[in-house]
Structure formats: C-alpha cells, structure tokens
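> Structure below; questions to follow.
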Amino acid sequence: MNFGLNLDAAFAALADPTRRAILARLASGEATVMELAEPFEMTQPAISQHLKVLEGAGLIQSRIDGTRRPRRLAKAGIDAMDEWLAMLRKALEANYDRLDQILANMEPKRKRRGERR
Amino acid sequence: MSKLTLTTEGDTHVIVKRHFTASPEAVYRAHIDPKIVQQWMLGPEGWTMPVCINDARPGGQIRYEWSNGKGQGFYLTGEFLELHPYSRIVHVERMHLPDPTPDNHVETTFEPNGSGTLMTMRMTLPDAKTREMMLATGMEGGMEASYVRLEGLL
C-alpha cells in the first residue's frame, strides 16, 4: 500500500469519523462547504477546518468555479475509499467464512436425507 | 476471487451478495437461530456477541450486543417485518453507538443456486447521507485493525 508523500498526515486525517464521512460524501461527487456542512449539523468554519486537514493530507482537492470552491476526492482519497470498502468486505467475508464452517457441520444430516431422494 | 460482492445502488441502497455451498434452508436458519447467529456474526477478530436475542416472527424483536472483551462494545436493535421460510427475511435495524443510527431496512433473500444458495441482502437507508455515514462507520472496525497493523510496520 503506497500512500505517497503524506502517510502520517493521511492517517491522522482518516482517524476522525467526521473526516471519514466527508470523504464518503465526496466519493459520490464533488460538493461545496455548504453542502458538506448540512448533514453533519456543523458550522461552516468547523467543516472548513476538517477540509483543510484532508487537503493537507492530499486526500481531497478543490477547484475554483466563480465564487464557489467545490471539493472533490484526490487520487489518494479515492484509494483510501477503495481501501475502506475492501476492509468492510473483508469484515463481512470473515463473518461468512465462519458461517461456512457452521453450515459444513450442519450439512451431513442433510446429505443423508438427500441420498434417499 | 472473493465470493462476496458489496455494491451500492442508486442513492440509498447497499447490496451484498454471497454464495454458500449449503441449502437455502440451512442458510436461512443460520440467520435467525440465535445460537447460530452468535457464532458467526462477529465482525473483526477478537469480538464476541454475549447477547443475541432473535424473536423470529413478524413484529419480533432483535437485539445483538457485541463486546471486544476489553470494556468496549456496542449494540444493535431491530424488528422482524416478514419471514418466509426458507426464502426471505425482511427486518429493520439500527446501531446504537450509543446514539441510534437511522433505520436500515434490510431484505435478505435465499435462492437455490447450483448445489448451494445465493444470499442477497438489500439494505435501504432513508437517504444518501445516511448511507454514506453507515459505510464510513461500518468500516471503523477494519480501520482500527489496519492502524494496529500499520503501527507494527512503522
């Protein structure tokens, strides 16, 4: 896994649940500070502070559009989101691997029944 | 290749699909029998489910409590809406972290597939933002594990 130049900053940025949620929001498209502030019931300055941390870590970027400065995920941010989804998948997969074992132990009874068919 | 797929659909859905080599009846039972649920629905390594209440009838209550054995834990409550043995379960659930998250409406189907079963879990969240929050918090267990691994590497 290569997070590039800003490994420490990226992990510090990702350690905060609000910042992770901001990244998750940006994964579905770019958004302005006002749009980002709304679901979190946070003030715009508080959100701006989180955005500064994410930007410093290279996880998001902004562009200028008239008076708006919409933010979007940077390459490192996209990689981080992919990594999260992979980890969620892994946690679910661990559950279902355990279930496979349990089902395998339930199955002999069924097989005997099945043979009579 | 992983047997599990996790995808988003539209603004408010999350779809999980998984194939099992057991029959739909066995997979269905493993989702509602508390003695079985308690053995596998555990999440990250080291977590257990000391409380597993699963009253599998329409209107019946669900309560799962997880613990990491080090004083940390959280719980989930929910209600069954529909049960069609051995093909379909509909329920709602919410996590308590400790504040309750908005209701997640979950439809789980079990279809014969080859010699096994295809399970499809279709989650519906009230809005896009709730779904994103759920995906973000749902990953925290995995994130923590990765931090521990990272500490070992640095």
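Going by the structure tokens order, chains are called A, B, ..., each with residues numbered from 1, while ligands are numbered from 1 in the order shown.
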List every residue of region 41-122 of chain B that has an atom at most 12 Å from any atom of region 94-104 of chain A, giving for each one its closest atom pair and the distance in Å to one decimal, counting only C-alpha atoms, sorted by chain and then by ascending residue number, as a tab-separated table.

```
residue	atom	partner	partner_atom	distance
B:Met41	CA	A:Asn95	CA	5.5
B:Leu42	CA	A:Asn95	CA	6.3
B:Gly43	CA	A:Asn95	CA	6.1
B:Pro44	CA	A:Ala94	CA	7.7
B:Glu45	CA	A:Ala94	CA	8.5
B:Gly46	CA	A:Ala94	CA	11.8
B:Trp47	CA	A:Asn95	CA	11.2
B:Thr48	CA	A:Asn95	CA	11.6
B:Gly116	CA	A:Leu103	CA	11.0
B:Thr117	CA	A:Leu103	CA	11.5
B:Met119	CA	A:Tyr96	CA	10.8
```
> Find the nearest atom pair between each residue of chain A and chain B for residues within 9 Å, count only C-alpha atoms, give distances in Å to one decimal, sort rows by chain and ascending number, and present the table as a tab-separated table.

```
residue	atom	partner	partner_atom	distance
A:Phe11	CA	B:Tyr147	CA	8.3
A:Leu14	CA	B:Met143	CA	8.9
A:Ala15	CA	B:Met143	CA	8.6
A:Pro17	CA	B:Thr137	CA	7.2
A:Thr18	CA	B:Met133	CA	8.9
A:Arg20	CA	B:Ala136	CA	6.1
A:Ala21	CA	B:Ala136	CA	5.6
A:Ile22	CA	B:Met133	CA	8.8
A:Leu23	CA	B:Ala136	CA	8.5
A:Ala24	CA	B:Glu132	CA	5.5
A:Arg25	CA	B:Glu132	CA	6.1
A:Ala27	CA	B:Glu132	CA	8.9
A:Ser28	CA	B:Glu132	CA	8.9
A:Pro39	CA	B:Lys129	CA	6.8
A:Trp84	CA	B:Met139	CA	6.0
A:Leu85	CA	B:Met139	CA	7.4
A:Met87	CA	B:Gly142	CA	5.4
A:Leu88	CA	B:Met139	CA	5.3
A:Arg89	CA	B:Leu6	CA	6.6
A:Lys90	CA	B:Gly142	CA	8.0
A:Ala91	CA	B:Gly43	CA	5.4
A:Leu92	CA	B:Gly43	CA	6.7
A:Glu93	CA	B:Leu4	CA	6.6
A:Ala94	CA	B:Gly43	CA	7.0
A:Asn95	CA	B:Trp40	CA	5.3
A:Tyr96	CA	B:Trp40	CA	7.1
A:Asp97	CA	B:Trp40	CA	8.3
A:Arg98	CA	B:Trp40	CA	5.3
A:Leu99	CA	B:Trp40	CA	5.5
A:Asp100	CA	B:Phe20	CA	6.9
A:Ile102	CA	B:Ile36	CA	7.9
A:Leu103	CA	B:Ala22	CA	6.2
A:Ala104	CA	B:Ala22	CA	7.3
A:Met106	CA	B:Ala26	CA	7.5
A:Glu107	CA	B:Ala22	CA	6.9
A:Arg110	CA	B:Ser23	CA	8.7
```
> Those same residues - N, CA and C atoms - I'd like them written as a compact mmCIF listing (two decimals), in the first residue's frame.

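Result file again-v4.txt:
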```
# COMPACT_ATOMS: atom_id res chain seq x y z
N PHE A 11 -3.08 9.35 7.58
CA PHE A 11 -3.65 8.53 8.65
C PHE A 11 -4.23 9.39 9.76
N LEU A 14 -7.53 10.53 8.53
CA LEU A 14 -8.54 9.47 8.48
C LEU A 14 -8.97 8.99 9.86
N ALA A 15 -8.24 9.41 10.90
CA ALA A 15 -8.55 8.95 12.26
C ALA A 15 -9.82 9.59 12.81
N PRO A 17 -13.86 10.45 12.60
CA PRO A 17 -15.05 9.94 11.91
C PRO A 17 -15.74 10.98 11.01
N THR A 18 -15.73 12.25 11.41
CA THR A 18 -16.35 13.28 10.55
C THR A 18 -15.59 13.38 9.23
N ARG A 20 -13.83 11.03 7.83
CA ARG A 20 -14.12 9.83 7.02
C ARG A 20 -15.47 9.99 6.34
N ALA A 21 -16.46 10.54 7.07
CA ALA A 21 -17.79 10.72 6.48
C ALA A 21 -17.76 11.76 5.36
N ILE A 22 -16.92 12.79 5.51
CA ILE A 22 -16.77 13.79 4.44
C ILE A 22 -16.21 13.11 3.19
N LEU A 23 -15.21 12.27 3.38
CA LEU A 23 -14.64 11.54 2.24
C LEU A 23 -15.70 10.66 1.59
N ALA A 24 -16.50 9.99 2.44
CA ALA A 24 -17.56 9.12 1.90
C ALA A 24 -18.55 9.94 1.08
N ARG A 25 -18.87 11.13 1.58
CA ARG A 25 -19.78 12.01 0.85
C ARG A 25 -19.17 12.43 -0.49
N ALA A 27 -17.10 10.85 -2.20
CA ALA A 27 -16.99 9.70 -3.10
C ALA A 27 -18.15 9.67 -4.08
N SER A 28 -19.28 10.28 -3.72
CA SER A 28 -20.41 10.28 -4.65
C SER A 28 -20.50 11.57 -5.46
N PRO A 39 -25.32 17.92 6.37
CA PRO A 39 -25.70 16.68 7.05
C PRO A 39 -25.06 16.51 8.42
N TRP A 84 -11.17 1.31 2.27
CA TRP A 84 -12.25 1.14 3.26
C TRP A 84 -13.24 0.09 2.81
N LEU A 85 -13.70 0.22 1.54
CA LEU A 85 -14.67 -0.75 1.03
C LEU A 85 -14.09 -2.15 1.07
N MET A 87 -11.93 -3.22 3.20
CA MET A 87 -11.89 -3.68 4.59
C MET A 87 -13.27 -4.07 5.10
N LEU A 88 -14.30 -3.34 4.66
CA LEU A 88 -15.66 -3.70 5.04
C LEU A 88 -16.02 -5.06 4.46
N ARG A 89 -15.64 -5.24 3.20
CA ARG A 89 -15.84 -6.53 2.53
C ARG A 89 -15.14 -7.63 3.32
N LYS A 90 -13.92 -7.32 3.77
CA LYS A 90 -13.12 -8.32 4.48
C LYS A 90 -13.78 -8.71 5.80
N ALA A 91 -14.34 -7.69 6.52
CA ALA A 91 -15.00 -7.98 7.80
C ALA A 91 -16.23 -8.85 7.56
N LEU A 92 -17.01 -8.53 6.51
CA LEU A 92 -18.19 -9.35 6.17
C LEU A 92 -17.76 -10.74 5.76
N GLU A 93 -16.69 -10.80 4.96
CA GLU A 93 -16.22 -12.09 4.47
C GLU A 93 -15.77 -12.97 5.63
N ALA A 94 -15.16 -12.35 6.66
CA ALA A 94 -14.74 -13.11 7.85
C ALA A 94 -15.97 -13.73 8.52
N ASN A 95 -17.06 -12.95 8.62
CA ASN A 95 -18.30 -13.48 9.19
C ASN A 95 -18.80 -14.68 8.39
N TYR A 96 -18.85 -14.51 7.06
CA TYR A 96 -19.44 -15.56 6.24
C TYR A 96 -18.53 -16.78 6.14
N ASP A 97 -17.21 -16.57 6.29
CA ASP A 97 -16.30 -17.74 6.33
C ASP A 97 -16.60 -18.57 7.58
N ARG A 98 -16.88 -17.87 8.70
CA ARG A 98 -17.26 -18.60 9.92
C ARG A 98 -18.57 -19.35 9.69
N LEU A 99 -19.51 -18.68 9.00
CA LEU A 99 -20.80 -19.32 8.73
C LEU A 99 -20.63 -20.55 7.84
N ASP A 100 -19.71 -20.48 6.87
CA ASP A 100 -19.43 -21.64 6.01
C ASP A 100 -19.06 -22.86 6.86
N ILE A 102 -19.83 -23.44 10.01
CA ILE A 102 -21.00 -23.90 10.76
C ILE A 102 -21.94 -24.70 9.84
N LEU A 103 -22.14 -24.17 8.64
CA LEU A 103 -23.03 -24.84 7.68
C LEU A 103 -22.45 -26.20 7.28
N ALA A 104 -21.13 -26.27 7.15
CA ALA A 104 -20.48 -27.53 6.78
C ALA A 104 -20.76 -28.58 7.85
N MET A 106 -23.46 -28.60 9.75
CA MET A 106 -24.89 -28.91 9.73
C MET A 106 -25.22 -29.86 8.58
N GLU A 107 -24.39 -29.82 7.54
CA GLU A 107 -24.72 -30.45 6.27
C GLU A 107 -24.80 -31.98 6.28
N ARG A 110 -28.22 -33.35 6.34
CA ARG A 110 -28.97 -33.10 5.12
C ARG A 110 -28.56 -34.04 4.00
```
> Could you check the closest approach to Phe74 (chain B) for each of B:Gly59, B:Pro100, B:Pro24, B:Pro34 and tell me which residue wins, using only C-alpha atoms?
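Looking only at the distances to Phe74 (chain B), the closest residue turns out to be B:Pro100.
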> What's the separation between CA of Ala46 (chain A) and CA of Asp16 (chain A), in Å to one decimal place?
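Result for CA of Ala46 (chain A) versus CA of Asp16 (chain A): 13.1 Å, one decimal.
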> Give me, please, the distance in Å between CA of Val51 (chain B) and CA of Glu65 (chain B), quoted to one decimal.
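It comes out at 5.0 Å.
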> Using only C-alpha atoms, which residues sit within 9 Å of Asp33 (chain B) once same-chain residues fewer than 5 positions away are excluded, as a ChimeraX atom specification?
/B:28,38,54-56
> Of the residues B:Tyr86, B:Ile32, B:Lys70, B:Glu9, which is the one nearest to Pro112 (chain B), using only C-alpha atoms?
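Among the listed residues, B:Tyr86 lies closest to Pro112 (chain B).
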> Find the residues around Leu125 (chain B) up to 8 Å (only C-alpha atoms counted), leave out those fewer than 4 positions away in its own chain, and share them as a PyMOL selection string.
chain B and resi 12-13+102-105+130-131
